[in-house]
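Novice: Coordinates in entry-v9.tsv, TSV, N, CA and C atoms, are listed below.
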```tsv
chain	number	residue	atom	x	y	z
Q	1	MET	N	143.13	112.70	79.33
Q	1	MET	CA	144.16	113.07	78.37
Q	1	MET	C	144.41	111.90	77.41
Q	2	LYS	N	144.45	112.16	76.12
Q	2	LYS	CA	144.71	111.12	75.15
Q	2	LYS	C	146.18	110.72	75.20
Q	3	PRO	N	146.51	109.46	74.83
Q	3	PRO	CA	147.90	109.03	74.90
Q	3	PRO	C	148.85	109.91	74.08
Q	4	ASP	N	148.40	110.44	72.93
Q	4	ASP	CA	149.31	111.22	72.11
Q	4	ASP	C	149.47	112.65	72.62
Q	5	ASN	N	148.70	113.06	73.65
Q	5	ASN	CA	148.89	114.37	74.27
Q	5	ASN	C	149.73	114.30	75.53
Q	6	GLN	N	150.03	113.10	76.00
Q	6	GLN	CA	150.85	112.94	77.19
Q	6	GLN	C	152.29	113.26	76.83
Q	7	PRO	N	153.01	113.91	77.74
Q	7	PRO	CA	154.39	114.27	77.42
Q	7	PRO	C	155.30	113.05	77.32
Q	8	ILE	N	156.31	113.19	76.50
Q	8	ILE	CA	157.38	112.20	76.44
Q	8	ILE	C	158.38	112.66	77.49
Q	9	ARG	N	158.63	111.82	78.48
Q	9	ARG	CA	159.50	112.18	79.60
Q	9	ARG	C	160.87	111.55	79.44
Q	10	ILE	N	161.88	112.38	79.58
Q	10	ILE	CA	163.27	111.92	79.56
Q	10	ILE	C	163.80	112.17	80.96
Q	11	THR	N	164.08	111.09	81.69
Q	11	THR	CA	164.48	111.20	83.09
Q	11	THR	C	165.65	110.28	83.40
Q	12	ARG	N	166.28	110.55	84.53
Q	12	ARG	CA	167.33	109.66	85.03
Q	12	ARG	C	166.66	108.70	86.00
Q	13	GLY	N	166.76	107.40	85.72
Q	13	GLY	CA	166.13	106.39	86.54
Q	13	GLY	C	166.86	106.16	87.85
Q	14	PRO	N	166.29	105.30	88.71
Q	14	PRO	CA	166.89	105.05	90.03
Q	14	PRO	C	168.29	104.44	89.96
Q	15	GLY	N	168.60	103.76	88.88
Q	15	GLY	CA	169.92	103.16	88.72
Q	15	GLY	C	170.91	104.08	88.02
Q	16	GLY	N	170.50	105.31	87.72
Q	16	GLY	CA	171.38	106.26	87.06
Q	16	GLY	C	171.24	106.28	85.55
Q	17	GLU	N	170.42	105.38	84.99
Q	17	GLU	CA	170.24	105.32	83.54
Q	17	GLU	C	169.30	106.42	83.07
Q	18	VAL	N	169.52	106.92	81.86
Q	18	VAL	CA	168.64	107.92	81.27
Q	18	VAL	C	167.64	107.18	80.39
Q	19	GLU	N	166.36	107.34	80.68
Q	19	GLU	CA	165.34	106.59	79.97
Q	19	GLU	C	164.18	107.48	79.56
Q	20	VAL	N	163.39	106.96	78.63
Q	20	VAL	CA	162.25	107.69	78.07
Q	20	VAL	C	160.98	106.93	78.41
Q	21	THR	N	159.97	107.66	78.86
Q	21	THR	CA	158.65	107.08	79.09
Q	21	THR	C	157.61	107.95	78.39
Q	22	GLY	N	156.47	107.38	78.15
Q	22	GLY	CA	155.39	108.10	77.48
Q	22	GLY	C	155.11	107.49	76.12
Q	23	HIS	N	154.15	108.07	75.43
Q	23	HIS	CA	153.75	107.57	74.12
Q	23	HIS	C	154.76	108.03	73.06
Q	24	VAL	N	155.47	107.07	72.47
Q	24	VAL	CA	156.48	107.37	71.45
Q	24	VAL	C	156.04	106.72	70.15
Q	25	ASP	N	155.65	107.54	69.17
Q	25	ASP	CA	155.28	107.01	67.86
Q	25	ASP	C	156.55	106.83	67.02
Q	26	SER	N	156.38	106.43	65.77
Q	26	SER	CA	157.55	106.09	64.95
Q	26	SER	C	158.43	107.31	64.66
Q	27	PHE	N	157.83	108.49	64.45
Q	27	PHE	CA	158.65	109.67	64.18
Q	27	PHE	C	159.42	110.11	65.42
Q	28	ALA	N	158.74	110.11	66.58
Q	28	ALA	CA	159.43	110.44	67.83
Q	28	ALA	C	160.54	109.43	68.09
Q	29	GLY	N	160.29	108.16	67.76
Q	29	GLY	CA	161.32	107.13	67.91
Q	29	GLY	C	162.54	107.41	67.04
Q	30	ASP	N	162.29	107.87	65.82
Q	30	ASP	CA	163.40	108.23	64.93
Q	30	ASP	C	164.23	109.38	65.51
Q	31	LEU	N	163.56	110.37	66.09
Q	31	LEU	CA	164.28	111.49	66.70
Q	31	LEU	C	165.11	111.02	67.89
Q	32	LEU	N	164.54	110.14	68.70
Q	32	LEU	CA	165.28	109.62	69.85
Q	32	LEU	C	166.48	108.78	69.42
Q	33	ARG	N	166.31	107.98	68.37
Q	33	ARG	CA	167.45	107.19	67.85
Q	33	ARG	C	168.55	108.12	67.34
Q	34	ARG	N	168.15	109.20	66.68
Q	34	ARG	CA	169.11	110.18	66.17
Q	34	ARG	C	169.93	110.79	67.31
Q	35	ALA	N	169.30	110.94	68.47
Q	35	ALA	CA	169.98	111.50	69.64
Q	35	ALA	C	170.79	110.46	70.40
Q	36	GLY	N	170.75	109.19	69.96
Q	36	GLY	CA	171.58	108.17	70.58
Q	36	GLY	C	170.85	107.20	71.48
Q	37	PHE	N	169.52	107.29	71.57
Q	37	PHE	CA	168.78	106.38	72.44
Q	37	PHE	C	168.66	105.00	71.80
Q	38	LEU	N	168.66	103.98	72.65
Q	38	LEU	CA	168.51	102.60	72.23
Q	38	LEU	C	167.10	102.12	72.57
Q	39	PHE	N	166.57	101.23	71.76
Q	39	PHE	CA	165.26	100.64	71.99
Q	39	PHE	C	165.47	99.16	72.28
Q	40	GLU	N	165.35	98.80	73.56
Q	40	GLU	CA	165.55	97.42	74.00
Q	40	GLU	C	164.19	96.75	74.20
Q	41	PRO	N	163.99	95.54	73.65
Q	41	PRO	CA	162.71	94.84	73.85
Q	41	PRO	C	162.48	94.54	75.33
Q	42	SER	N	161.24	94.68	75.77
Q	42	SER	CA	160.87	94.34	77.14
Q	42	SER	C	159.47	93.73	77.13
Q	43	LEU	N	159.02	93.30	78.27
Q	43	LEU	CA	157.70	92.68	78.35
Q	43	LEU	C	156.58	93.69	78.05
Q	44	ARG	N	156.83	94.98	78.29
Q	44	ARG	CA	155.82	96.00	78.05
Q	44	ARG	C	156.02	96.74	76.74
Q	45	GLY	N	156.84	96.25	75.86
Q	45	GLY	CA	157.09	96.92	74.58
Q	45	GLY	C	158.57	97.16	74.39
Q	46	HIS	N	159.00	98.39	74.63
Q	46	HIS	CA	160.40	98.75	74.49
Q	46	HIS	C	160.85	99.56	75.69
Q	47	TRP	N	162.09	99.32	76.09
Q	47	TRP	CA	162.74	100.16	77.09
Q	47	TRP	C	163.64	101.09	76.29
Q	48	ILE	N	163.35	102.37	76.35
Q	48	ILE	CA	164.09	103.36	75.57
Q	48	ILE	C	165.07	104.03	76.51
Q	49	ARG	N	166.37	103.92	76.21
Q	49	ARG	CA	167.40	104.43	77.11
Q	49	ARG	C	168.64	104.84	76.34
Q	50	LEU	N	169.47	105.63	76.99
Q	50	LEU	CA	170.80	105.94	76.44
Q	50	LEU	C	171.75	104.83	76.84
Q	51	PRO	N	172.83	104.63	76.08
Q	51	PRO	CA	173.83	103.63	76.48
Q	51	PRO	C	174.39	103.94	77.87
Q	52	PHE	N	174.78	102.91	78.58
Q	52	PHE	CA	175.33	103.06	79.92
Q	52	PHE	C	176.78	103.53	79.89
Q	53	ASP	N	177.22	104.15	80.97
Q	53	ASP	CA	178.63	104.46	81.26
Q	53	ASP	C	179.34	105.32	80.24
Q	54	LEU	N	178.65	106.29	79.67
Q	54	LEU	CA	179.33	107.22	78.76
Q	54	LEU	C	179.54	108.58	79.41
Q	55	GLY	N	179.23	108.65	80.69
Q	55	GLY	CA	179.45	109.88	81.44
Q	55	GLY	C	178.21	110.75	81.52
Q	56	ARG	N	178.08	111.42	82.65
Q	56	ARG	CA	176.90	112.27	82.88
Q	56	ARG	C	176.83	113.42	81.90
Q	57	ALA	N	177.96	114.02	81.58
Q	57	ALA	CA	177.94	115.16	80.65
Q	57	ALA	C	177.43	114.72	79.28
Q	58	TRP	N	177.89	113.56	78.78
Q	58	TRP	CA	177.42	113.03	77.49
Q	58	TRP	C	175.93	112.73	77.56
Q	59	GLU	N	175.50	112.08	78.64
Q	59	GLU	CA	174.08	111.75	78.79
Q	59	GLU	C	173.22	113.01	78.84
Q	60	ASN	N	173.66	114.00	79.61
Q	60	ASN	CA	172.90	115.25	79.71
Q	60	ASN	C	172.81	115.95	78.36
Q	61	GLU	N	173.92	115.96	77.64
Q	61	GLU	CA	173.95	116.62	76.33
Q	61	GLU	C	172.98	115.95	75.35
Q	62	HIS	N	173.01	114.62	75.30
Q	62	HIS	CA	172.15	113.89	74.36
Q	62	HIS	C	170.68	113.91	74.79
Q	63	ALA	N	170.42	113.87	76.09
Q	63	ALA	CA	169.04	113.97	76.57
Q	63	ALA	C	168.46	115.35	76.24
Q	64	THR	N	169.26	116.39	76.43
Q	64	THR	CA	168.81	117.74	76.11
Q	64	THR	C	168.58	117.89	74.61
Q	65	TRP	N	169.48	117.34	73.82
Q	65	TRP	CA	169.34	117.40	72.36
Q	65	TRP	C	168.05	116.70	71.92
Q	66	ALA	N	167.77	115.53	72.51
Q	66	ALA	CA	166.54	114.80	72.18
Q	66	ALA	C	165.31	115.62	72.55
Q	67	ALA	N	165.32	116.23	73.72
Q	67	ALA	CA	164.17	117.04	74.15
Q	67	ALA	C	163.97	118.24	73.22
Q	68	LYS	N	165.05	118.85	72.78
Q	68	LYS	CA	164.93	119.99	71.86
Q	68	LYS	C	164.37	119.55	70.51
Q	69	MET	N	164.83	118.40	70.00
Q	69	MET	CA	164.29	117.91	68.72
Q	69	MET	C	162.81	117.57	68.84
Q	70	LEU	N	162.43	116.90	69.94
Q	70	LEU	CA	161.02	116.55	70.14
Q	70	LEU	C	160.15	117.81	70.24
Q	71	THR	N	160.63	118.80	70.98
Q	71	THR	CA	159.89	120.04	71.12
Q	71	THR	C	159.76	120.76	69.78
Q	72	ALA	N	160.85	120.77	69.00
Q	72	ALA	CA	160.81	121.42	67.68
Q	72	ALA	C	159.80	120.72	66.76
Q	73	ALA	N	159.62	119.41	66.95
Q	73	ALA	CA	158.66	118.66	66.16
Q	73	ALA	C	157.26	118.71	66.77
Q	74	ARG	N	157.07	119.56	67.77
Q	74	ARG	CA	155.80	119.82	68.44
Q	74	ARG	C	155.28	118.65	69.27
Q	75	TYR	N	156.20	117.86	69.82
Q	75	TYR	CA	155.83	116.84	70.80
Q	75	TYR	C	155.91	117.48	72.18
Q	76	PRO	N	154.98	117.16	73.08
Q	76	PRO	CA	155.13	117.64	74.44
Q	76	PRO	C	156.24	116.83	75.12
Q	77	ALA	N	157.37	117.46	75.37
Q	77	ALA	CA	158.52	116.76	75.94
Q	77	ALA	C	158.89	117.36	77.29
Q	78	HIS	N	159.22	116.51	78.24
Q	78	HIS	CA	159.64	116.94	79.57
Q	78	HIS	C	161.02	116.37	79.85
Q	79	LEU	N	161.97	117.24	80.16
Q	79	LEU	CA	163.34	116.84	80.48
Q	79	LEU	C	163.52	116.94	81.98
Q	80	GLY	N	163.95	115.84	82.60
Q	80	GLY	CA	164.18	115.83	84.04
Q	80	GLY	C	165.16	116.91	84.46
Q	81	PRO	N	164.99	117.46	85.66
Q	81	PRO	CA	165.83	118.58	86.09
Q	81	PRO	C	167.31	118.26	86.19
Q	82	GLY	N	167.69	117.03	86.43
Q	82	GLY	CA	169.10	116.67	86.53
Q	82	GLY	C	169.76	116.41	85.19
Q	83	LEU	N	169.03	116.60	84.08
Q	83	LEU	CA	169.58	116.28	82.76
Q	83	LEU	C	169.98	117.50	81.95
Q	84	HIS	N	169.79	118.69	82.49
Q	84	HIS	CA	170.21	119.88	81.77
Q	84	HIS	C	171.73	119.93	81.78
Q	85	PRO	N	172.34	120.28	80.65
Q	85	PRO	CA	173.81	120.28	80.61
Q	85	PRO	C	174.39	121.32	81.57
Q	86	ASP	N	175.47	120.93	82.23
Q	86	ASP	CA	176.15	121.83	83.16
Q	86	ASP	C	177.27	122.54	82.42
Q	87	ILE	N	177.12	123.85	82.28
Q	87	ILE	CA	178.15	124.65	81.63
Q	87	ILE	C	178.45	125.81	82.59
Q	88	PRO	N	179.29	125.56	83.61
Q	88	PRO	CA	179.54	126.61	84.59
Q	88	PRO	C	180.30	127.79	83.98
Q	89	GLY	N	179.83	129.00	84.28
Q	89	GLY	CA	180.51	130.20	83.85
Q	89	GLY	C	180.41	130.53	82.37
Q	90	LYS	N	179.61	129.79	81.63
Q	90	LYS	CA	179.49	130.03	80.20
Q	90	LYS	C	178.14	130.66	79.90
Q	91	ALA	N	178.14	131.78	79.24
Q	91	ALA	CA	176.90	132.47	78.90
Q	91	ALA	C	176.23	131.79	77.71
Q	92	ALA	N	174.93	131.88	77.67
Q	92	ALA	CA	174.18	131.32	76.54
Q	92	ALA	C	174.48	132.13	75.28
Q	93	PRO	N	174.61	131.47	74.12
Q	93	PRO	CA	174.89	132.21	72.89
Q	93	PRO	C	173.71	133.11	72.53
Q	94	SER	N	174.02	134.27	71.99
Q	94	SER	CA	172.95	135.20	71.64
Q	94	SER	C	172.57	135.11	70.16
Q	95	GLY	N	173.40	134.47	69.35
Q	95	GLY	CA	173.13	134.35	67.92
Q	95	GLY	C	172.29	133.13	67.61
Q	96	PRO	N	172.14	132.81	66.32
Q	96	PRO	CA	171.37	131.62	65.94
Q	96	PRO	C	172.05	130.34	66.43
Q	97	ALA	N	171.25	129.30	66.63
Q	97	ALA	CA	171.78	128.04	67.14
Q	97	ALA	C	172.74	127.38	66.15
Q	98	ARG	N	172.57	127.63	64.88
Q	98	ARG	CA	173.48	127.07	63.88
Q	98	ARG	C	173.62	128.07	62.73
Q	99	PRO	N	174.71	127.99	62.00
Q	99	PRO	CA	174.89	128.92	60.89
Q	99	PRO	C	173.79	128.75	59.85
Q	100	PRO	N	173.38	129.82	59.19
Q	100	PRO	CA	172.28	129.72	58.22
Q	100	PRO	C	172.61	128.87	57.00
Q	101	THR	N	173.89	128.64	56.69
Q	101	THR	CA	174.24	127.85	55.52
Q	101	THR	C	174.20	126.35	55.79
Q	102	MET	N	174.15	125.94	57.05
Q	102	MET	CA	174.14	124.52	57.40
Q	102	MET	C	172.74	123.96	57.15
Q	103	THR	N	172.64	122.83	56.44
Q	103	THR	CA	171.33	122.28	56.12
Q	103	THR	C	170.99	121.04	56.93
Q	104	THR	N	171.96	120.39	57.54
Q	104	THR	CA	171.68	119.21	58.34
Q	104	THR	C	172.14	119.45	59.77
Q	105	GLN	N	171.51	118.74	60.70
Q	105	GLN	CA	171.87	118.88	62.10
Q	105	GLN	C	172.79	117.73	62.47
Q	106	ALA	N	173.96	118.07	62.97
Q	106	ALA	CA	174.93	117.06	63.39
Q	106	ALA	C	174.69	116.69	64.85
Q	107	PRO	N	175.01	115.46	65.23
Q	107	PRO	CA	174.92	115.10	66.64
Q	107	PRO	C	175.86	115.97	67.46
Q	108	PRO	N	175.60	116.13	68.75
Q	108	PRO	CA	176.48	116.93	69.57
Q	108	PRO	C	177.92	116.43	69.48
Q	109	GLY	N	178.85	117.36	69.35
Q	109	GLY	CA	180.26	117.00	69.29
Q	109	GLY	C	180.75	116.62	67.92
Q	110	ARG	N	179.87	116.65	66.91
Q	110	ARG	CA	180.28	116.30	65.53
Q	110	ARG	C	179.99	117.46	64.61
Q	111	ARG	N	180.74	117.51	63.54
Q	111	ARG	CA	180.51	118.53	62.52
Q	111	ARG	C	179.94	117.88	61.28
Q	112	THR	N	179.13	118.59	60.56
Q	112	THR	CA	178.60	118.05	59.31
Q	112	THR	C	179.62	118.24	58.22
Q	113	GLY	N	179.63	117.32	57.27
Q	113	GLY	CA	180.52	117.42	56.12
Q	113	GLY	C	179.96	118.39	55.08
Q	114	ARG	N	180.83	118.97	54.34
Q	114	ARG	CA	180.37	119.91	53.30
Q	114	ARG	C	180.76	119.41	51.95
```
Can you dump the structure from the file as structure tokens?

Specialist:
Amino acid sequence: MKPDNQPIRITRGPGGEVEVTGHVDSFAGDLLRRAGFLFEPSLRGHWIRLPFDLGRAWENEHATWAAKMLTAARYPAHLGPGLHPDIPGKAAPSGPARPPTMTTQAPPGRRTGR
């Protein structure tokens, strides 16, 4: 398998941190930054992770958002099973994900200005 065909994995590490592994090019890096991931220098390149201590719900929401953006951009993305957002008792929306008049995607929990 070529490096650019390997999935980008978003998982919760042994210390509870949410991190990204796999081949991340500059565009995938931009998508991850948009979702809130940090790129920390390391001996092997970069450690890509979400900020610490912002709560599991926030981490799950941003990890899921990153995976959806990567998938929409046709990257093979894998989201760890413990990172799916927990919405007990709430049905999935049946309409479009965003109103048709909206032209930009806002981060989770924020609204775009008009």

Novice: Between atom CA of Q:Phe27 and atom CA of Q:Arg12, what distance in Å does the model show, to one decimal?

Specialist: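 Between atom CA of Q:Phe27 and atom CA of Q:Arg12 the gap is 22.6 Å.
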
Novice: Please list as a list in words every residue within 9 Å of Q:Asn60, counting only C-alpha atoms and excluding residues in the same chain fewer than 2 positions away.

Specialist: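 Here the answer would be Val18, Gly55, Arg56, Ala57, Trp58, His62, Ala63, Thr64, Trp65, Gly82, Leu83, His84, Pro85 and Asp86 of chain Q.
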
Novice: Atom CA of Q:His23 and atom CA of Q:Ile48 are how many Å apart?

Specialist: 11.3 Å

Novice: Atom CA of Q:Asn5 and atom C of Q:Leu50 are how many Å apart?

Specialist: 24.9 Å

Novice: Give the answer as one residue: which of Q:His46, Q:Lys68, Q:His78, Q:Arg9 has the shortest atom-to-atom distance to Q:Leu31, using only C-alpha atoms?

Specialist: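 Selected residue with least distance to Q:Leu31: Q:Lys68.
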
Novice: Of the residues Q:Ala28, Q:Ile10, Q:Pro41, Q:Gly16, which is the one nearest to Q:Ala72, using only C-alpha atoms?

Specialist: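 Of Q:Ala28, Q:Ile10, Q:Pro41, Q:Gly16, the one nearest Q:Ala72, counting only C-alpha atoms, is Q:Ala28.
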